[in-house]
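*Asks:* Contents of coords-v7.json (JSON, C-alpha atoms and all ligand atoms) are given next:
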[["chain", "number", "residue", "atom", "x", "y", "z"],
["C", 1, "MET", "CA", -22.58, 60.62, -22.01],
["C", 2, "GLY", "CA", -23.69, 62.43, -18.86],
["C", 3, "LYS", "CA", -21.27, 63.00, -16.00],
["C", 4, "LEU", "CA", -23.31, 60.77, -13.69],
["C", 5, "ALA", "CA", -23.29, 57.86, -16.13],
["C", 6, "PHE", "CA", -19.55, 58.25, -16.64],
["C", 7, "ALA", "CA", -18.92, 58.29, -12.88],
["C", 8, "LEU", "CA", -21.01, 55.15, -12.46],
["C", 9, "LEU", "CA", -19.08, 53.42, -15.24],
["C", 10, "VAL", "CA", -15.76, 54.30, -13.60],
["C", 11, "LEU", "CA", -17.04, 53.01, -10.25],
["C", 12, "LEU", "CA", -18.24, 49.80, -11.85],
["C", 13, "LEU", "CA", -14.92, 49.21, -13.62],
["C", 14, "GLY", "CA", -13.08, 49.93, -10.39],
["C", 15, "ALA", "CA", -15.22, 47.43, -8.53],
["C", 16, "VAL", "CA", -14.63, 44.73, -11.16],
["C", 17, "ILE", "CA", -10.86, 45.27, -11.05],
["C", 18, "ALA", "CA", -10.83, 45.27, -7.24],
["C", 19, "VAL", "CA", -12.78, 42.02, -7.07],
["C", 20, "GLY", "CA", -10.46, 40.49, -9.66],
["C", 21, "LEU", "CA", -7.38, 41.48, -7.68],
["C", 22, "LEU", "CA", -8.82, 40.15, -4.42],
["C", 23, "VAL", "CA", -10.28, 36.90, -5.67],
["C", 24, "LEU", "CA", -7.88, 35.71, -8.36],
["C", 25, "PRO", "CA", -4.70, 35.34, -6.25],
["C", 26, "GLY", "CA", -6.70, 33.46, -3.62],
["C", 27, "TYR", "CA", -8.10, 31.21, -6.31],
["C", 28, "ILE", "CA", -4.67, 30.49, -7.74],
["C", 29, "THR", "CA", -3.04, 29.71, -4.38],
["C", 30, "GLY", "CA", -6.11, 27.66, -3.48],
["C", 31, "GLN", "CA", -5.51, 25.54, -6.57],
["C", 32, "ALA", "CA", -1.83, 25.15, -5.76],
["C", 33, "ALA", "CA", -2.60, 24.07, -2.22],
["C", 34, "GLN", "CA", -4.63, 21.16, -3.57],
["C", 35, "VAL", "CA", -1.59, 19.29, -4.93],
["C", 36, "PRO", "CA", -1.73, 15.97, -3.07],
["C", 37, "LEU", "CA", 1.08, 15.18, -0.70],
["C", 38, "ASP", "CA", 2.12, 11.68, 0.28],
["C", 39, "SER", "CA", 3.01, 10.71, 3.81],
["C", 40, "ALA", "CA", 6.59, 11.86, 3.31],
["C", 41, "GLY", "CA", 5.30, 15.31, 2.42],
["C", 42, "THR", "CA", 6.58, 15.18, -1.14],
["C", 43, "GLU", "CA", 4.41, 16.10, -4.04],
["C", 44, "ASN", "CA", 2.62, 13.29, -5.77],
["C", 45, "ILE", "CA", 2.13, 14.98, -9.10],
["C", 46, "SER", "CA", 4.33, 12.81, -11.26],
["C", 47, "GLU", "CA", 2.63, 9.61, -10.27],
["C", 48, "ALA", "CA", -0.80, 10.97, -11.05],
["C", 49, "ASP", "CA", 0.51, 12.26, -14.37],
["C", 50, "GLU", "CA", 2.02, 8.96, -15.38],
["C", 51, "MET", "CA", -1.25, 7.15, -15.88],
["C", 52, "PRO", "CA", -4.24, 9.22, -16.86],
["C", 53, "PRO", "CA", -7.30, 6.94, -16.73],
["C", 54, "SER", "CA", -7.79, 7.37, -20.47],
["C", 55, "GLU", "CA", -4.36, 5.92, -21.33],
["C", 56, "PRO", "CA", -4.64, 2.73, -23.40],
["C", 57, "GLU", "CA", -3.95, -0.61, -21.78],
["C", 58, "TRP", "CA", -0.29, -0.97, -20.91],
["C", 59, "ALA", "CA", 1.41, -3.21, -23.47],
["C", 60, "GLY", "CA", 4.17, -4.35, -21.11],
["C", 61, "PRO", "CA", 7.84, -3.45, -20.85],
["C", 62, "ALA", "CA", 10.37, -3.98, -23.58],
["C", 63, "PHE", "CA", 11.61, -7.28, -22.17],
["C", 64, "PRO", "CA", 11.78, -10.53, -24.16],
["C", 65, "SER", "CA", 8.25, -11.81, -24.40],
["C", 66, "ASP", "CA", 8.91, -15.56, -24.15],
["C", 67, "PRO", "CA", 6.37, -17.27, -21.94],
["C", 68, "GLY", "CA", 7.50, -17.21, -18.33],
["C", 69, "TYR", "CA", 7.17, -20.95, -18.14],
["C", 70, "ALA", "CA", 9.95, -21.80, -20.60],
["C", 71, "VAL", "CA", 11.89, -23.86, -18.07],
["C", 72, "ASN", "CA", 15.58, -24.34, -18.55],
["C", 73, "ASP", "CA", 15.86, -28.04, -19.54],
["C", 74, "SER", "CA", 18.86, -28.69, -17.34],
["C", 75, "VAL", "CA", 16.96, -27.62, -14.22],
["C", 76, "SER", "CA", 14.80, -30.20, -12.49],
["C", 77, "LEU", "CA", 11.75, -28.91, -10.68],
["C", 78, "THR", "CA", 11.67, -29.27, -6.91],
["C", 79, "GLY", "CA", 7.90, -29.65, -6.89],
["C", 80, "GLU", "CA", 7.68, -26.82, -4.36],
["C", 81, "THR", "CA", 5.69, -23.64, -4.89],
["C", 82, "VAL", "CA", 6.91, -20.69, -2.84],
["C", 83, "VAL", "CA", 4.34, -17.94, -2.32],
["C", 84, "PHE", "CA", 5.29, -14.37, -1.44],
["C", 85, "ASN", "CA", 2.57, -11.95, -0.37],
["C", 86, "VAL", "CA", 3.96, -8.61, -1.48],
["C", 87, "THR", "CA", 2.32, -5.23, -0.94],
["C", 88, "ALA", "CA", 3.39, -2.02, -2.62],
["C", 89, "GLY", "CA", 3.16, 1.61, -1.52],
["C", 90, "ASN", "CA", 4.85, 4.89, -2.39],
["C", 91, "PHE", "CA", 7.63, 3.93, -2.86],
["C", 92, "LYS", "CA", 8.60, 0.53, -1.54],
["C", 93, "PHE", "CA", 7.58, -3.12, -1.50],
["C", 94, "MET", "CA", 6.70, -4.81, 1.77],
["C", 95, "ILE", "CA", 6.34, -8.32, 3.11],
["C", 96, "ASP", "CA", 5.15, -8.64, 6.71],
["C", 97, "GLY", "CA", 6.18, -5.05, 7.40],
["C", 98, "GLU", "CA", 9.70, -5.47, 6.03],
["C", 99, "ASP", "CA", 10.72, -3.06, 3.29],
["C", 100, "ASN", "CA", 12.05, -4.51, 0.02],
["C", 101, "PRO", "CA", 12.92, -7.84, 1.68],
["C", 102, "ASN", "CA", 15.38, -10.28, 0.21],
["C", 103, "LEU", "CA", 13.42, -13.19, -1.29],
["C", 104, "THR", "CA", 15.09, -16.59, -1.32],
["C", 105, "VAL", "CA", 14.01, -19.70, -3.20],
["C", 106, "LYS", "CA", 15.65, -22.88, -4.48],
["C", 107, "LEU", "CA", 16.58, -23.57, -8.07],
["C", 108, "GLY", "CA", 13.63, -25.38, -9.62],
["C", 109, "ASP", "CA", 10.99, -23.91, -7.29],
["C", 110, "VAL", "CA", 7.83, -22.44, -8.68],
["C", 111, "VAL", "CA", 7.59, -18.89, -7.38],
["C", 112, "ARG", "CA", 4.23, -17.20, -6.98],
["C", 113, "VAL", "CA", 3.98, -13.53, -6.09],
["C", 114, "GLU", "CA", 0.62, -12.38, -4.75],
["C", 115, "PHE", "CA", 0.80, -8.65, -5.28],
["C", 116, "THR", "CA", -1.37, -5.89, -3.77],
["C", 117, "SER", "CA", -0.99, -2.15, -4.15],
["C", 118, "THR", "CA", -2.01, -0.48, -0.91],
["C", 119, "GLU", "CA", -1.09, 3.01, -2.12],
["C", 120, "GLY", "CA", -0.52, 4.32, -5.63],
["C", 121, "TYR", "CA", 0.01, 2.57, -8.96],
["C", 122, "HIS", "CA", 2.56, -0.22, -9.21],
["C", 123, "ASP", "CA", 3.67, -3.53, -10.65],
["C", 124, "PHE", "CA", 6.19, -6.23, -9.74],
["C", 125, "VAL", "CA", 8.81, -7.24, -12.29],
["C", 126, "ILE", "CA", 11.75, -9.63, -12.42],
["C", 127, "ALA", "CA", 13.04, -9.16, -15.95],
["C", 128, "GLU", "CA", 15.28, -12.26, -16.06],
["C", 129, "PHE", "CA", 12.30, -14.54, -15.45],
["C", 130, "ASN", "CA", 9.93, -12.50, -17.59],
["C", 131, "ALA", "CA", 7.86, -12.24, -14.44],
["C", 132, "ILE", "CA", 5.63, -9.19, -14.85],
["C", 133, "THR", "CA", 2.40, -8.51, -13.01],
["C", 134, "ASP", "CA", -0.35, -6.27, -14.26],
["C", 135, "ARG", "CA", -0.07, -2.67, -13.11],
["C", 136, "VAL", "CA", -2.62, -2.05, -10.38],
["C", 137, "TRP", "CA", -3.94, 0.96, -8.48],
["C", 138, "ALA", "CA", -4.57, 0.81, -4.77],
["C", 139, "VAL", "CA", -6.35, -1.09, -3.51],
["C", 140, "ASN", "CA", -6.13, -3.92, -6.02],
["C", 141, "SER", "CA", -4.34, -7.24, -6.31],
["C", 142, "THR", "CA", -2.79, -9.30, -9.05],
["C", 143, "SER", "CA", -0.24, -12.10, -9.22],
["C", 144, "VAL", "CA", 2.50, -13.67, -11.29],
["C", 145, "GLU", "CA", 4.01, -17.14, -11.27],
["C", 146, "PHE", "CA", 7.29, -18.32, -12.72],
["C", 147, "VAL", "CA", 9.85, -21.09, -12.43],
["C", 148, "ALA", "CA", 13.14, -20.15, -10.78],
["C", 149, "ASP", "CA", 15.17, -21.87, -13.49],
["C", 150, "LYS", "CA", 18.33, -19.78, -13.09],
["C", 151, "ALA", "CA", 20.52, -19.57, -10.01],
["C", 152, "GLY", "CA", 21.84, -16.25, -8.79],
["C", 153, "GLU", "CA", 20.67, -12.90, -7.53],
["C", 154, "PHE", "CA", 18.01, -11.05, -9.50],
["C", 155, "GLU", "CA", 16.52, -7.65, -8.93],
["C", 156, "TYR", "CA", 12.79, -7.24, -8.54],
["C", 157, "PHE", "CA", 11.39, -3.79, -9.09],
["C", 158, "CYS", "CA", 8.41, -1.63, -10.00],
["C", 159, "SER", "CA", 8.52, -0.56, -13.64],
["C", 160, "VAL", "CA", 6.09, 2.35, -13.26],
["C", 161, "GLY", "CA", 7.67, 5.73, -13.92],
["C", 162, "LYS", "CA", 10.83, 6.23, -11.86],
["C", 163, "HIS", "CA", 9.60, 4.09, -8.97],
["C", 164, "ARG", "CA", 12.57, 1.73, -9.28],
["C", 165, "ASP", "CA", 14.97, 4.63, -8.69],
["C", 166, "MET", "CA", 12.73, 5.97, -5.94],
["C", 167, "GLY", "CA", 13.22, 2.83, -3.88],
["C", 168, "MET", "CA", 10.91, 0.17, -5.28],
["C", 169, "ALA", "CA", 13.50, -2.57, -5.75],
["C", 170, "GLY", "CA", 14.92, -5.56, -3.95],
["C", 171, "PHE", "CA", 16.49, -8.92, -4.70],
["C", 172, "LEU", "CA", 15.43, -12.49, -5.28],
["C", 173, "THR", "CA", 18.13, -15.04, -4.56],
["C", 174, "VAL", "CA", 17.83, -18.41, -6.29],
["C", 175, "GLU", "CA", 20.01, -20.95, -4.47],
["C", 176, "GLU", "CA", 21.39, -24.02, -6.19],
["C", 201, "CU", "CU", 5.59, 1.59, -8.29]]
If you convert what's in this file into structure tokens, what do you get?
Ligand SMILES: [Cu+2]
*Replies:*
Amino acid sequence: MGKLAFALLVLLLGAVIAVGLLVLPGYITGQAAQVPLDSAGTENISEADEMPPSEPEWAGPAFPSDPGYAVNDSVSLTGETVVFNVTAGNFKFMIDGEDNPNLTVKLGDVVRVEFTSTEGYHDFVIAEFNAITDRVWAVNSTSVEFVADKAGEFEYFCSVGKHRDMGMAGFLTVEE
């Protein structure tokens, strides 16, 4: 190999390495900067990871799967249907701008929850009544209806990921 060819090869290698050093770190940090942030400034990675679009249809939580309409015989229906329009975001439920409001109904009421995700991927669950909506992405709606056939205080929550622990929970009070 001639000296000139060797010098050119060295120059070429040097140029390739220099470009690699300059471009690669910028590329990597550029990728990292693209992690989506929610309004609170926290990283949104886990939520996106929880439900890749290719995941099979959710089979539902491991709660008893009796139909939600199995009304306790000793409870007489009031004939009233109470409708709650609940929206969900990261990471709270809202009704009329109030976060995780206390819901109150009477024993024997039919309860209907009209549920809309305005941000992220969520559901609405009250395990004791087997009340479980579909899981929906923003902006989509679903609903669930059940009979409040037990008196007491029952937690409603989002069963997606750790959303319940992250603040997506409140209470339904069923008054006798
Ligand atoms: Cu959620």
*Asks:* Could you list, as a list in words, all residues that come within 7 Å of ligand CU 201 (chain C)? Count all atoms listed in the file.
*Replies:*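 Taking all atoms listed in the file into account, the residues around ligand CU 201 (chain C) at most 7 Å away are Asn90, Phe91, Tyr121, His122, Asp123, Cys158, Ser159, Val160, His163 and Met168 of chain C.
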*Asks:* Grab all the atoms of segment 75-78 of chain C that the file lists, wrap them in a box along x, y and z, add 4 Å per side, and give me centre plus edge lengths in Å (one decimal) as lines of an AutoDock Vina configuration file.
*Replies:*
center_x = 14.3
center_y = -28.9
center_z = -10.6
size_x = 13.3
size_y = 10.6
size_z = 15.3
*Asks:* Got a sec: who's within 6 Å of segment 125-141 of chain C, counting all atoms listed in the file, leaving out chain neighbours fewer than 3 positions off, as a list of chain:residue names?
*Replies:* C:Gly68, C:Phe115, C:Thr116, C:Ser117, C:Thr118, C:Glu119, C:Gly120, C:Tyr121, C:His122, C:Val144, C:Tyr156, C:Phe157
*Asks:* Could you tell me how far atom CA of Asn72 of chain C sits from atom CA of Ile95 of chain C, in Å to one decimal place?
*Replies:*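 Interatomic distance here is 28.5 Å.
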*Asks:* So how many Å separate atom CA of Val83 of chain C and atom CA of Val111 of chain C, to one decimal?
*Replies:*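 For atom CA of Val83 of chain C relative to atom CA of Val111 of chain C, the distance reads 6.1 Å.
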*Asks:* Smallest atom-to-atom distance to Leu107 of chain C: which of C:Glu153, C:Lys3, C:Ala169, C:Val147, using all atoms listed in the file?
*Replies:*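 Smallest distance to Leu107 of chain C is found for C:Val147.
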*Asks:* Which residue, C:Thr81, C:Thr142, C:Ser74, C:Asn100, has the smallest gap to Leu172 of chain C when you use all atoms listed in the file?
*Replies:* C:Asn100
